[in-house]
>>> print(open('input04.tsv').read())   # TSV, C-alpha atoms
chain	number	residue	atom	x	y	z
A	30	MET	CA	29.48	21.02	20.14
A	31	GLN	CA	25.71	21.07	20.44
A	32	GLN	CA	23.65	22.81	17.77
A	33	THR	CA	20.21	24.08	18.72
A	34	THR	CA	17.63	26.55	17.49
A	35	ASP	CA	15.07	26.29	20.29
A	36	LYS	CA	16.62	26.49	23.74
A	37	GLY	CA	13.23	26.26	25.40
A	38	LEU	CA	12.43	22.83	23.98
A	39	ILE	CA	13.26	19.59	25.78
A	40	TYR	CA	13.55	17.07	22.99
A	41	LEU	CA	13.02	13.44	24.06
A	42	ASP	CA	12.06	11.83	20.75
A	43	HIS	CA	15.46	10.58	19.61
A	44	ALA	CA	14.09	7.14	18.73
A	45	ALA	CA	12.24	8.88	15.88
A	46	THR	CA	15.10	11.16	14.82
A	47	SER	CA	18.02	12.70	16.68
A	48	TRP	CA	18.04	16.43	17.39
A	49	PRO	CA	19.92	18.68	17.68
A	50	LYS	CA	22.67	17.60	15.31
A	51	PRO	CA	26.35	18.28	16.02
A	52	ALA	CA	27.47	21.56	14.48
A	53	SER	CA	29.93	19.59	12.35
A	54	VAL	CA	27.02	17.79	10.64
A	55	ILE	CA	25.30	21.03	9.64
A	56	GLU	CA	28.59	22.51	8.46
A	57	ALA	CA	29.28	19.41	6.34
A	58	VAL	CA	25.89	19.62	4.62
A	59	VAL	CA	26.35	23.31	3.82
A	60	GLU	CA	29.93	22.76	2.65
A	61	ALA	CA	28.87	20.03	0.23
A	62	MET	CA	26.09	22.17	-1.20
A	63	GLU	CA	28.32	25.21	-1.58
A	64	ARG	CA	31.49	23.48	-2.79
A	65	ASP	CA	30.67	20.01	-4.15
A	66	GLY	CA	27.17	20.36	-5.59
A	67	ALA	CA	27.72	18.29	-8.73
A	68	ASN	CA	26.21	14.87	-9.42
A	69	PRO	CA	28.31	12.12	-7.78
A	70	GLY	CA	29.39	9.35	-10.14
A	71	ARG	CA	28.02	11.16	-13.19
A	72	GLY	CA	31.05	12.99	-14.56
A	73	SER	CA	34.84	13.28	-14.59
A	74	HIS	CA	35.12	16.99	-13.89
A	75	ALA	CA	36.63	18.08	-10.60
A	76	MET	CA	33.39	18.91	-8.79
A	77	ALA	CA	31.78	15.58	-9.71
A	78	VAL	CA	34.89	13.76	-8.53
A	79	ARG	CA	34.74	15.58	-5.19
A	80	ALA	CA	31.06	14.67	-4.83
A	81	SER	CA	31.89	11.03	-5.56
A	82	ARG	CA	34.64	11.16	-2.95
A	83	ILE	CA	32.07	12.25	-0.35
A	84	LEU	CA	30.16	9.01	-0.90
A	85	PHE	CA	33.24	6.82	-0.74
A	86	ASN	CA	34.66	8.49	2.37
A	87	THR	CA	31.30	8.11	4.10
A	88	ARG	CA	31.25	4.40	3.21
A	89	LYS	CA	34.73	4.11	4.73
A	90	ALA	CA	33.58	5.74	7.97
A	91	LEU	CA	30.53	3.46	8.16
A	92	ALA	CA	32.67	0.42	7.39
A	93	LYS	CA	34.94	1.32	10.30
A	94	LEU	CA	31.95	1.74	12.61
A	95	PHE	CA	30.36	-1.61	11.69
A	96	ALA	CA	33.62	-3.54	11.08
A	97	VAL	CA	32.82	-4.06	7.40
A	98	SER	CA	35.78	-5.30	5.33
A	99	ASN	CA	34.82	-3.69	2.01
A	100	PRO	CA	33.15	-0.26	2.08
A	101	ASN	CA	31.56	-0.98	-1.30
A	102	ASP	CA	29.35	-3.59	0.39
A	103	ILE	CA	27.44	-0.65	1.91
A	104	ALA	CA	24.70	0.78	-0.30
A	105	PHE	CA	23.10	4.09	0.59
A	106	ALA	CA	19.33	4.38	1.06
A	107	LEU	CA	16.91	7.12	2.00
A	108	ASN	CA	16.19	5.51	5.36
A	109	THR	CA	15.99	2.17	7.17
A	110	THR	CA	12.63	1.43	5.57
A	111	MET	CA	14.09	1.59	2.08
A	112	ALA	CA	17.07	-0.51	3.16
A	113	LEU	CA	14.80	-3.17	4.67
A	114	ASN	CA	12.62	-3.26	1.57
A	115	THR	CA	15.73	-3.68	-0.57
A	116	ALA	CA	16.84	-6.66	1.51
A	117	ILE	CA	13.45	-8.32	1.94
A	118	LYS	CA	12.10	-7.91	-1.58
A	119	GLY	CA	15.48	-8.55	-3.15
A	120	MET	CA	15.97	-11.92	-1.49
A	121	LEU	CA	12.63	-13.68	-1.08
A	122	ASN	CA	10.80	-15.83	-3.60
A	123	GLN	CA	7.58	-17.83	-3.68
A	124	ASN	CA	7.27	-20.45	-0.91
A	125	ASP	CA	10.29	-19.13	1.03
A	126	HIS	CA	9.83	-19.13	4.80
A	127	VAL	CA	10.88	-16.17	6.94
A	128	ILE	CA	11.31	-15.96	10.70
A	129	ALA	CA	10.78	-12.54	12.29
A	130	THR	CA	9.81	-11.39	15.77
A	131	ALA	CA	6.61	-9.95	17.17
A	132	VAL	CA	8.42	-6.72	18.11
A	133	GLU	CA	9.34	-5.78	14.55
A	134	HIS	CA	8.61	-2.36	13.13
A	135	ASN	CA	6.09	-2.02	10.29
A	136	SER	CA	9.09	-1.49	8.02
A	137	VAL	CA	9.62	-5.24	8.36
A	138	ARG	CA	6.10	-6.49	8.94
A	139	ARG	CA	4.42	-4.71	6.03
A	140	PRO	CA	6.89	-5.84	3.31
A	141	LEU	CA	6.60	-9.38	4.67
A	142	GLU	CA	2.81	-9.31	4.68
A	143	TYR	CA	2.85	-7.82	1.19
A	144	LEU	CA	5.04	-10.64	-0.15
A	145	LYS	CA	2.92	-13.16	1.73
A	146	ARG	CA	-0.17	-11.90	-0.10
A	147	VAL	CA	1.38	-11.32	-3.52
A	148	ILE	CA	3.87	-14.15	-4.07
A	149	GLY	CA	3.06	-16.56	-1.27
A	150	ILE	CA	5.96	-16.48	1.17
A	151	GLU	CA	5.47	-17.94	4.65
A	152	VAL	CA	6.14	-15.92	7.80
A	153	SER	CA	6.54	-16.96	11.44
A	154	TYR	CA	6.61	-14.29	14.15
A	155	VAL	CA	8.47	-15.44	17.26
A	156	GLU	CA	7.04	-13.92	20.44
A	157	PRO	CA	9.36	-12.40	23.05
A	158	ASN	CA	8.26	-12.07	26.66
A	159	GLU	CA	6.32	-9.02	27.87
A	160	ALA	CA	9.55	-7.05	28.24
A	161	GLY	CA	10.52	-7.74	24.63
A	162	GLU	CA	13.25	-10.24	25.48
A	163	LEU	CA	13.77	-13.54	23.66
A	164	ASP	CA	16.26	-16.38	23.44
A	165	ALA	CA	18.02	-17.48	20.26
A	166	LYS	CA	16.64	-20.99	20.89
A	167	GLN	CA	13.18	-19.63	20.06
A	168	ILE	CA	14.47	-18.65	16.62
A	169	GLU	CA	16.00	-22.08	16.14
A	170	ALA	CA	12.77	-23.81	17.14
A	171	ALA	CA	10.88	-21.93	14.40
A	172	ILE	CA	13.13	-23.11	11.55
A	173	GLN	CA	11.43	-25.06	8.77
A	174	PRO	CA	12.87	-26.92	5.76
A	175	ASN	CA	12.06	-23.94	3.52
A	176	THR	CA	13.34	-21.24	5.89
A	177	LYS	CA	15.58	-18.81	4.02
A	178	LEU	CA	15.79	-15.64	6.09
A	179	VAL	CA	15.70	-14.53	9.72
A	180	ILE	CA	14.87	-10.88	10.46
A	181	VAL	CA	15.31	-9.29	13.89
A	182	ASN	CA	15.51	-5.77	15.15
A	183	HIS	CA	18.54	-5.14	17.34
A	184	SER	CA	16.37	-3.19	19.76
A	185	SER	CA	12.61	-2.68	19.98
A	186	ASN	CA	11.57	0.90	19.19
A	187	LEU	CA	8.81	0.58	21.82
A	188	LEU	CA	10.31	-1.53	24.60
A	189	GLY	CA	14.00	-0.69	24.35
A	190	SER	CA	14.88	-4.36	24.77
A	191	ILE	CA	18.09	-5.57	23.14
A	192	LEU	CA	17.88	-8.82	21.19
A	193	PRO	CA	20.79	-11.32	21.29
A	194	VAL	CA	21.89	-10.78	17.70
A	195	ALA	CA	25.24	-12.56	18.07
A	196	ASP	CA	23.51	-15.66	19.47
A	197	ILE	CA	20.94	-15.55	16.68
A	198	GLY	CA	23.80	-15.20	14.20
A	199	GLU	CA	25.27	-18.45	15.50
A	200	VAL	CA	21.94	-20.16	14.87
A	201	THR	CA	21.59	-18.83	11.32
A	202	ARG	CA	25.15	-19.80	10.42
A	203	LYS	CA	24.66	-23.27	11.85
A	204	HIS	CA	21.59	-23.82	9.67
A	205	GLY	CA	22.83	-22.02	6.55
A	206	LEU	CA	20.28	-19.19	6.80
A	207	LYS	CA	20.67	-15.47	6.14
A	208	LEU	CA	20.30	-12.92	8.94
A	209	LEU	CA	18.91	-9.42	8.35
A	210	VAL	CA	19.22	-7.02	11.28
A	211	ASP	CA	17.19	-3.83	11.67
A	212	ALA	CA	19.59	-1.45	13.44
A	213	ALA	CA	17.23	1.55	13.43
A	214	GLN	CA	17.58	1.95	17.21
A	215	THR	CA	21.18	0.78	17.67
A	216	ALA	CA	23.41	2.06	14.87
A	217	GLY	CA	25.85	4.40	16.60
A	218	LEU	CA	24.47	3.47	20.02
A	219	LEU	CA	25.49	-0.18	20.44
A	220	GLU	CA	28.64	-1.93	19.23
A	221	ILE	CA	27.98	-3.69	15.91
A	222	ASN	CA	30.53	-6.00	14.29
A	223	VAL	CA	28.88	-7.63	11.28
A	224	GLU	CA	31.34	-10.51	10.99
A	225	GLN	CA	31.54	-11.39	14.67
A	226	MET	CA	27.76	-11.17	15.04
A	227	GLY	CA	26.99	-13.23	11.94
A	228	ILE	CA	25.04	-10.43	10.25
A	229	ASP	CA	24.46	-10.93	6.52
A	230	MET	CA	22.54	-7.69	6.00
A	231	LEU	CA	22.37	-4.63	8.25
A	232	ALA	CA	19.77	-1.92	7.64
A	233	PHE	CA	20.48	1.38	9.37
A	234	PRO	CA	19.25	5.00	9.42
A	235	GLY	CA	21.49	8.01	9.09
A	236	HIS	CA	19.19	10.37	10.99
A	237	LYS	CA	18.95	8.66	14.37
A	238	GLY	CA	21.92	7.42	16.37
A	239	LEU	CA	24.35	8.26	13.57
A	240	LEU	CA	23.39	11.94	14.00
A	241	GLY	CA	23.12	12.62	10.27
A	242	PRO	CA	20.37	14.37	8.28
A	243	GLN	CA	17.02	12.83	7.42
A	244	GLY	CA	16.94	11.17	4.02
A	245	THR	CA	20.12	9.19	4.70
A	246	GLY	CA	20.77	5.59	5.68
A	247	GLY	CA	21.99	2.38	4.15
A	248	LEU	CA	22.21	-1.37	3.85
A	249	TYR	CA	25.27	-3.52	4.41
A	250	ILE	CA	25.15	-6.59	2.17
A	251	HIS	CA	27.57	-9.46	2.83
A	252	PRO	CA	29.69	-10.28	-0.25
A	253	ASN	CA	28.09	-13.75	-0.36
A	254	VAL	CA	24.58	-12.27	-0.58
A	255	GLU	CA	23.08	-11.30	-3.91
A	256	LEU	CA	19.86	-9.29	-4.03
A	257	GLU	CA	17.60	-8.24	-6.84
A	258	PRO	CA	17.72	-4.42	-6.85
A	259	LEU	CA	14.70	-2.59	-5.50
A	260	LEU	CA	15.19	0.31	-7.94
A	261	HIS	CA	16.33	0.25	-11.57
A	262	GLY	CA	17.77	3.17	-13.48
A	263	GLY	CA	20.85	5.28	-13.98
A	264	THR	CA	23.96	4.61	-11.93
A	265	GLY	CA	26.67	6.37	-13.91
A	266	SER	CA	28.38	3.04	-14.57
A	267	GLN	CA	27.88	0.39	-17.27
A	268	SER	CA	25.45	2.78	-18.95
A	269	GLU	CA	25.56	0.78	-22.16
A	270	ALA	CA	24.03	-2.27	-20.42
A	271	ILE	CA	20.28	-2.95	-20.48
A	272	GLU	CA	20.27	-4.40	-16.95
A	273	GLN	CA	21.42	-2.91	-13.68
A	274	PRO	CA	25.20	-3.01	-13.17
A	275	THR	CA	26.57	-6.04	-11.36
A	276	VAL	CA	29.26	-4.06	-9.55
A	277	ARG	CA	28.66	-2.85	-6.00
A	278	PRO	CA	27.44	-0.48	-4.71
A	279	ASP	CA	26.12	0.81	-8.07
A	280	ARG	CA	23.79	-2.19	-8.42
A	281	TYR	CA	21.74	-0.98	-5.45
A	282	GLU	CA	22.01	2.80	-5.91
A	283	ALA	CA	19.94	3.81	-8.94
A	284	GLY	CA	19.45	7.55	-9.30
A	285	THR	CA	21.29	10.57	-7.96
A	286	GLN	CA	22.48	10.18	-4.40
A	287	ASN	CA	22.02	12.76	-1.64
A	288	ALA	CA	25.66	13.88	-1.54
A	289	ALA	CA	25.06	16.83	0.79
A	290	GLY	CA	23.11	14.71	3.26
A	291	ILE	CA	25.65	11.90	3.02
A	292	ASN	CA	28.44	14.38	3.80
A	293	GLY	CA	26.48	15.30	6.91
A	294	LEU	CA	26.16	11.60	7.72
A	295	LYS	CA	29.93	11.23	7.46
A	296	ALA	CA	30.37	14.03	9.97
A	297	GLY	CA	27.89	12.33	12.31
A	298	VAL	CA	29.73	9.02	12.10
A	299	GLN	CA	33.04	10.76	12.72
A	300	HIS	CA	31.55	12.37	15.81
A	301	ILE	CA	30.53	8.92	17.08
A	302	LEU	CA	33.92	7.38	16.31
A	303	HIS	CA	35.54	10.18	18.28
A	304	GLU	CA	33.20	9.93	21.26
A	305	THR	CA	33.09	6.07	20.99
A	306	VAL	CA	29.93	3.99	20.88
A	307	GLN	CA	30.64	2.57	24.32
A	308	ASN	CA	30.76	5.99	25.99
A	309	ILE	CA	27.61	7.14	24.22
A	310	HIS	CA	25.69	4.00	25.19
A	311	THR	CA	26.87	4.13	28.81
A	312	ARG	CA	25.73	7.71	29.16
A	313	GLU	CA	22.34	7.04	27.56
A	314	TRP	CA	21.83	3.95	29.72
A	315	MET	CA	22.46	6.00	32.87
A	316	LEU	CA	19.89	8.56	31.73
A	317	THR	CA	17.29	5.85	31.09
A	318	GLN	CA	17.91	4.43	34.55
A	319	GLN	CA	17.47	7.92	36.02
A	320	LEU	CA	14.18	8.29	34.15
A	321	MET	CA	12.94	4.84	35.16
A	322	GLU	CA	13.80	5.43	38.81
A	323	GLY	CA	11.91	8.73	38.77
A	324	LEU	CA	8.84	7.20	37.11
A	325	HIS	CA	8.90	4.22	39.50
A	326	GLU	CA	8.41	6.65	42.38
A	327	LEU	CA	5.13	7.81	40.83
A	328	ASN	CA	2.67	5.17	41.97
A	329	GLY	CA	0.64	3.68	39.17
A	330	VAL	CA	2.92	4.61	36.29
A	331	ARG	CA	3.68	1.47	34.30
A	332	ILE	CA	7.00	1.27	32.49
A	333	LEU	CA	7.28	-1.02	29.49
A	334	GLY	CA	10.28	-3.11	28.53
A	335	PRO	CA	13.15	-4.54	30.60
A	336	GLU	CA	13.19	-3.95	34.34
A	337	LEU	CA	15.33	-1.34	36.06
A	338	GLY	CA	18.99	-2.30	35.85
A	339	LYS	CA	18.61	-4.60	32.85
A	340	PRO	CA	20.20	-3.84	29.46
A	341	ARG	CA	18.19	-1.56	27.18
A	342	THR	CA	18.63	1.24	24.70
A	343	GLY	CA	17.69	4.85	25.45
A	344	ILE	CA	13.95	4.22	25.14
A	345	VAL	CA	11.52	4.38	28.06
A	346	SER	CA	7.86	3.86	27.18
A	347	PHE	CA	5.20	4.17	29.86
A	348	VAL	CA	1.48	4.58	30.53
A	349	LEU	CA	-0.46	6.48	33.17
A	350	PRO	CA	-3.57	4.79	34.58
A	351	GLY	CA	-6.77	6.33	33.27
A	352	ALA	CA	-4.97	8.68	30.91
A	353	ASP	CA	-4.91	8.78	27.12
A	354	PRO	CA	-1.23	8.72	26.03
A	355	SER	CA	-1.93	11.10	23.16
A	356	GLU	CA	-3.48	13.61	25.56
A	357	ILE	CA	-0.48	13.34	27.88
A	358	GLY	CA	1.85	13.91	24.96
A	359	PHE	CA	-0.13	16.99	23.94
A	360	ILE	CA	0.05	18.41	27.47
A	361	LEU	CA	3.79	17.75	27.69
A	362	ASP	CA	4.30	19.54	24.39
A	363	GLN	CA	1.99	22.52	24.87
A	364	HIS	CA	2.45	23.23	28.58
A	365	TYR	CA	5.94	21.95	29.35
A	366	GLN	CA	7.69	22.20	25.96
A	367	ILE	CA	8.73	18.55	26.22
A	368	ALA	CA	8.65	16.54	22.98
A	369	VAL	CA	7.86	12.83	23.29
A	370	ARG	CA	6.18	10.29	21.00
A	371	THR	CA	2.77	8.81	21.73
A	372	GLY	CA	0.53	6.25	20.06
A	373	PHE	CA	1.48	2.89	18.57
A	374	HIS	CA	4.94	3.67	17.22
A	375	CYS	CA	4.49	1.70	13.96
A	376	THR	CA	4.82	-1.56	15.90
A	377	PRO	CA	1.35	-2.92	16.75
A	378	LEU	CA	2.57	-6.46	17.50
A	379	ALA	CA	4.94	-5.09	20.15
A	380	HIS	CA	1.99	-3.30	21.77
A	381	GLU	CA	0.16	-6.64	21.86
A	382	ILE	CA	3.17	-8.17	23.61
A	383	ALA	CA	3.27	-5.27	26.09
A	384	GLY	CA	-0.49	-5.30	26.73
A	385	THR	CA	-1.02	-1.78	25.37
A	386	LYS	CA	-2.67	-2.62	22.04
A	387	ASP	CA	-5.85	-0.70	22.96
A	388	THR	CA	-4.25	2.43	24.40
A	389	GLY	CA	-0.78	2.88	22.96
A	390	ALA	CA	1.92	4.39	25.13
A	391	ILE	CA	4.07	7.45	25.82
A	392	ARG	CA	7.64	7.01	24.60
A	393	ALA	CA	10.51	9.12	25.86
A	394	SER	CA	13.87	8.50	24.25
A	395	VAL	CA	17.16	10.11	25.20
A	396	GLY	CA	19.97	11.06	22.87
A	397	CYS	CA	23.57	12.10	22.58
A	398	PHE	CA	22.98	15.58	24.01
A	399	THR	CA	20.23	14.84	26.57
A	400	THR	CA	21.01	16.13	30.07
A	401	LYS	CA	20.10	14.91	33.54
A	402	GLN	CA	18.22	18.18	34.06
A	403	GLU	CA	16.01	17.45	31.06
A	404	VAL	CA	15.20	13.98	32.39
A	405	ASP	CA	14.33	15.50	35.76
A	406	ALA	CA	12.07	18.00	34.01
A	407	LEU	CA	10.11	15.17	32.36
A	408	ILE	CA	9.73	13.33	35.67
A	409	ALA	CA	8.48	16.50	37.38
A	410	ALA	CA	6.03	17.19	34.55
A	411	VAL	CA	4.61	13.64	34.62
A	412	LYS	CA	4.25	13.87	38.39
A	413	GLU	CA	2.29	17.10	38.09
A	414	ILE	CA	0.13	15.81	35.24
A	415	LYS	CA	-0.57	12.55	37.06
A	416	GLN	CA	-2.18	14.40	39.97
A	417	HIS	CA	-5.01	15.41	37.67
A	418	TYR	CA	-5.72	11.78	36.72
A	419	SER	CA	-5.54	10.22	40.16
>>> encode(input="input04.tsv", output="structure tokens")
Amino acid sequence: MQQTTDKGLIYLDHAATSWPKPASVIEAVVEAMERDGANPGRGSHAMAVRASRILFNTRKALAKLFAVSNPNDIAFALNTTMALNTAIKGMLNQNDHVIATAVEHNSVRRPLEYLKRVIGIEVSYVEPNEAGELDAKQIEAAIQPNTKLVIVNHSSNLLGSILPVADIGEVTRKHGLKLLVDAAQTAGLLEINVEQMGIDMLAFPGHKGLLGPQGTGGLYIHPNVELEPLLHGGTGSQSEAIEQPTVRPDRYEAGTQNAAGINGLKAGVQHILHETVQNIHTREWMLTQQLMEGLHELNGVRILGPELGKPRTGIVSFVLPGADPSEIGFILDQHYQIAVRTGFHCTPLAHEIAGTKDTGAIRASVGCFTTKQEVDALIAAVKEIKQHYS
């Protein structure tokens, strides 16, 4: 069931956050606040136990989705950014070498550049082609004697390209390296099996493809990976100890968790498990192809990322000749009630790869409830707008 509060709005900014949410997600949040509002893991009374059960049952649902053996290897975070910071800052030390790609989000690049400046890590950014595609051999060629970690996003949030994570996982296992995957644009939208794909750490948002509320997300940490916690404080366990607990997931979850939001996340994951990731991805891929075909018919519109017919996520970024993307986005919003994202999308290196570093781009991204009619409406609006810039 679709939940909406603005029937006039065409929302095509799902790469930033999904909207509307399934009705079951909203109901789960309200239910937790009304019925199970105690502090999870901080008491033995019935309400606190129920709140704790919310967290564990959500871990179980996520573990099923990502093929994780032990749900306690999933630590909750406020968002993908926090999860990535936990992984990056918790693993790297002075003189460690990291391999990342030139299409990473600032949530990867900025922590790496910070550690490069502060403690002296080394970073190599492997460059994909203009469409954002790369080969695992490029990762292998960048390995140095002091390489410790490889970081890749599963899909570019600008280009929609899908990186060969399983192939990269074979490379990292072969060389005894750890692999951190940023699944901000793929969790709930592409099949992810952490063991089969060789993923040591998986950072994911709750508020995008998993259809949960903002302020939710998490990090899967392989049982053979030990990280220094990003946050230190109360966990409700081993309270007598001076240091953070060693037991998972408490070690990585200092402070009160967002039980109501996490209950909503559970409902979102259950929705996905019911619909199946494959069906959701197939439908979104068809919508992106529809959008790309429509934009291709408008002479001069340049579409970024993989060509028509090639694998991609539900992201279609484009530019109009002679037009400021931010101005186009404003017109789409104010005159057509179509919400898209414009600018540089927190990924400046990807814009360099795409040749849009000076202008930015317009990004339309479809979601679970996007319709063909809404895609057609965007195509028609761009066609009409384009006439004023020709």
>>> residues_near_point(input="input04.tsv", point="(19.0, 16.3, 33.9)", cutoff="12 Å", atoms="all atoms listed in the file", output="PyMOL selection string")
chain A and resi 39+41+312-313+315-320+323+395+398-409
>>> residues_near_point(input="input04.tsv", point="(32.9, 1.9, 14.3)", cutoff="8 Å", atoms="all atoms listed in the file", output="PyMOL selection string")
chain A and resi 90-96+217+220-221+301-302+305-306
>>> write_last_selection(input="input04.tsv", atoms="C-alpha atoms", output="PDB file, in the coordinates of the input")
ATOM      1  CA  ALA A  90      33.580   5.740   7.970  1.00  0.00           C
ATOM      2  CA  LEU A  91      30.530   3.460   8.160  1.00  0.00           C
ATOM      3  CA  ALA A  92      32.670   0.420   7.390  1.00  0.00           C
ATOM      4  CA  LYS A  93      34.940   1.320  10.300  1.00  0.00           C
ATOM      5  CA  LEU A  94      31.950   1.740  12.610  1.00  0.00           C
ATOM      6  CA  PHE A  95      30.360  -1.610  11.690  1.00  0.00           C
ATOM      7  CA  ALA A  96      33.620  -3.540  11.080  1.00  0.00           C
ATOM      8  CA  GLY A 217      25.850   4.400  16.600  1.00  0.00           C
ATOM      9  CA  GLU A 220      28.640  -1.930  19.230  1.00  0.00           C
ATOM     10  CA  ILE A 221      27.980  -3.690  15.910  1.00  0.00           C
ATOM     11  CA  ILE A 301      30.530   8.920  17.080  1.00  0.00           C
ATOM     12  CA  LEU A 302      33.920   7.380  16.310  1.00  0.00           C
ATOM     13  CA  THR A 305      33.090   6.070  20.990  1.00  0.00           C
ATOM     14  CA  VAL A 306      29.930   3.990  20.880  1.00  0.00           C
TER      15      VAL A 306
END
>>> closest_residue(input="input04.tsv", among="A:Ile148, A:Val155, A:Ala216, A:Leu327", to="Glu133 in chain A", atoms="only C-alpha atoms")
A:Val155
>>> closest_residue(input="input04.tsv", among="A:Ala129, A:Leu38, A:Val179, A:Ala75", to="His364 in chain A", atoms="only C-alpha atoms")
A:Leu38
>>> closest_residue(input="input04.tsv", among="A:Asn135, A:Asn292, A:Gln363, A:Gln167", to="Leu240 in chain A", atoms="all atoms listed in the file")
A:Asn292
>>> closest_atom_pairs(input="input04.tsv", of="range 372-393 of chain A", to="range 348-355 of chain A", cutoff="9 Å", atoms="all atoms listed in the file", output="CSV")
residue,atom,partner,partner_atom,distance
A:Gly372,CA,A:Ser355,CA,6.3
A:Thr385,CA,A:Val348,CA,8.6
A:Thr388,CA,A:Asp353,CA,6.9
A:Gly389,CA,A:Pro354,CA,6.6
A:Ala390,CA,A:Val348,CA,5.4
A:Ile391,CA,A:Pro354,CA,5.5
A:Arg392,CA,A:Val348,CA,8.9
>>> atom_distance(input="input04.tsv", atom1="CA of Leu333 in chain A", atom2="CA of Pro140 in chain A")
26.6 Å
>>> atom_distance(input="input04.tsv", atom1="CA of Lys386 in chain A", atom2="CA of Phe347 in chain A")
13.0 Å
>>> atom_distance(input="input04.tsv", atom1="CA of Gly241 in chain A", atom2="CA of Ser346 in chain A")
24.4 Å
>>> build_atoms(input="input04.tsv", residues="range 152-163 of chain A", atoms="N, CA, C and O atoms", output="PDB file, in the frame of the given file")
ATOM      1  N   VAL A 152       5.524 -16.740   6.748  1.00  0.00           N
ATOM      2  CA  VAL A 152       6.140 -15.920   7.800  1.00  0.00           C
ATOM      3  C   VAL A 152       5.772 -16.470   9.167  1.00  0.00           C
ATOM      4  O   VAL A 152       4.597 -16.762   9.423  1.00  0.00           O
ATOM      5  N   SER A 153       6.770 -16.598  10.034  1.00  0.00           N
ATOM      6  CA  SER A 153       6.540 -16.960  11.440  1.00  0.00           C
ATOM      7  C   SER A 153       7.062 -15.817  12.307  1.00  0.00           C
ATOM      8  O   SER A 153       8.206 -15.366  12.127  1.00  0.00           O
ATOM      9  N   TYR A 154       6.206 -15.348  13.231  1.00  0.00           N
ATOM     10  CA  TYR A 154       6.610 -14.290  14.150  1.00  0.00           C
ATOM     11  C   TYR A 154       6.861 -14.897  15.533  1.00  0.00           C
ATOM     12  O   TYR A 154       5.928 -15.348  16.204  1.00  0.00           O
ATOM     13  N   VAL A 155       8.109 -14.907  15.956  1.00  0.00           N
ATOM     14  CA  VAL A 155       8.470 -15.440  17.260  1.00  0.00           C
ATOM     15  C   VAL A 155       8.131 -14.411  18.329  1.00  0.00           C
ATOM     16  O   VAL A 155       8.463 -13.226  18.188  1.00  0.00           O
ATOM     17  N   GLU A 156       7.486 -14.853  19.402  1.00  0.00           N
ATOM     18  CA  GLU A 156       7.040 -13.920  20.440  1.00  0.00           C
ATOM     19  C   GLU A 156       8.022 -13.823  21.591  1.00  0.00           C
ATOM     20  O   GLU A 156       8.301 -14.813  22.263  1.00  0.00           O
ATOM     21  N   PRO A 157       8.550 -12.630  21.846  1.00  0.00           N
ATOM     22  CA  PRO A 157       9.360 -12.400  23.050  1.00  0.00           C
ATOM     23  C   PRO A 157       8.456 -12.374  24.274  1.00  0.00           C
ATOM     24  O   PRO A 157       7.226 -12.459  24.177  1.00  0.00           O
ATOM     25  N   ASN A 158       9.062 -12.223  25.454  1.00  0.00           N
ATOM     26  CA  ASN A 158       8.260 -12.070  26.660  1.00  0.00           C
ATOM     27  C   ASN A 158       7.714 -10.633  26.721  1.00  0.00           C
ATOM     28  O   ASN A 158       7.948  -9.829  25.816  1.00  0.00           O
ATOM     29  N   GLU A 159       6.990 -10.314  27.762  1.00  0.00           N
ATOM     30  CA  GLU A 159       6.320  -9.020  27.870  1.00  0.00           C
ATOM     31  C   GLU A 159       7.300  -7.854  27.811  1.00  0.00           C
ATOM     32  O   GLU A 159       6.956  -6.750  27.369  1.00  0.00           O
ATOM     33  N   ALA A 160       8.536  -8.097  28.247  1.00  0.00           N
ATOM     34  CA  ALA A 160       9.550  -7.050  28.240  1.00  0.00           C
ATOM     35  C   ALA A 160      10.262  -6.927  26.894  1.00  0.00           C
ATOM     36  O   ALA A 160      11.135  -6.079  26.719  1.00  0.00           O
ATOM     37  N   GLY A 161       9.896  -7.785  25.946  1.00  0.00           N
ATOM     38  CA  GLY A 161      10.520  -7.740  24.630  1.00  0.00           C
ATOM     39  C   GLY A 161      11.787  -8.548  24.520  1.00  0.00           C
ATOM     40  O   GLY A 161      12.547  -8.401  23.550  1.00  0.00           O
ATOM     41  N   GLU A 162      12.034  -9.432  25.468  1.00  0.00           N
ATOM     42  CA  GLU A 162      13.250 -10.240  25.480  1.00  0.00           C
ATOM     43  C   GLU A 162      12.960 -11.633  24.918  1.00  0.00           C
ATOM     44  O   GLU A 162      11.898 -12.202  25.178  1.00  0.00           O
ATOM     45  N   LEU A 163      13.913 -12.169  24.157  1.00  0.00           N
ATOM     46  CA  LEU A 163      13.770 -13.540  23.660  1.00  0.00           C
ATOM     47  C   LEU A 163      15.119 -14.227  23.650  1.00  0.00           C
ATOM     48  O   LEU A 163      16.169 -13.599  23.787  1.00  0.00           O
TER      49      LEU A 163
END
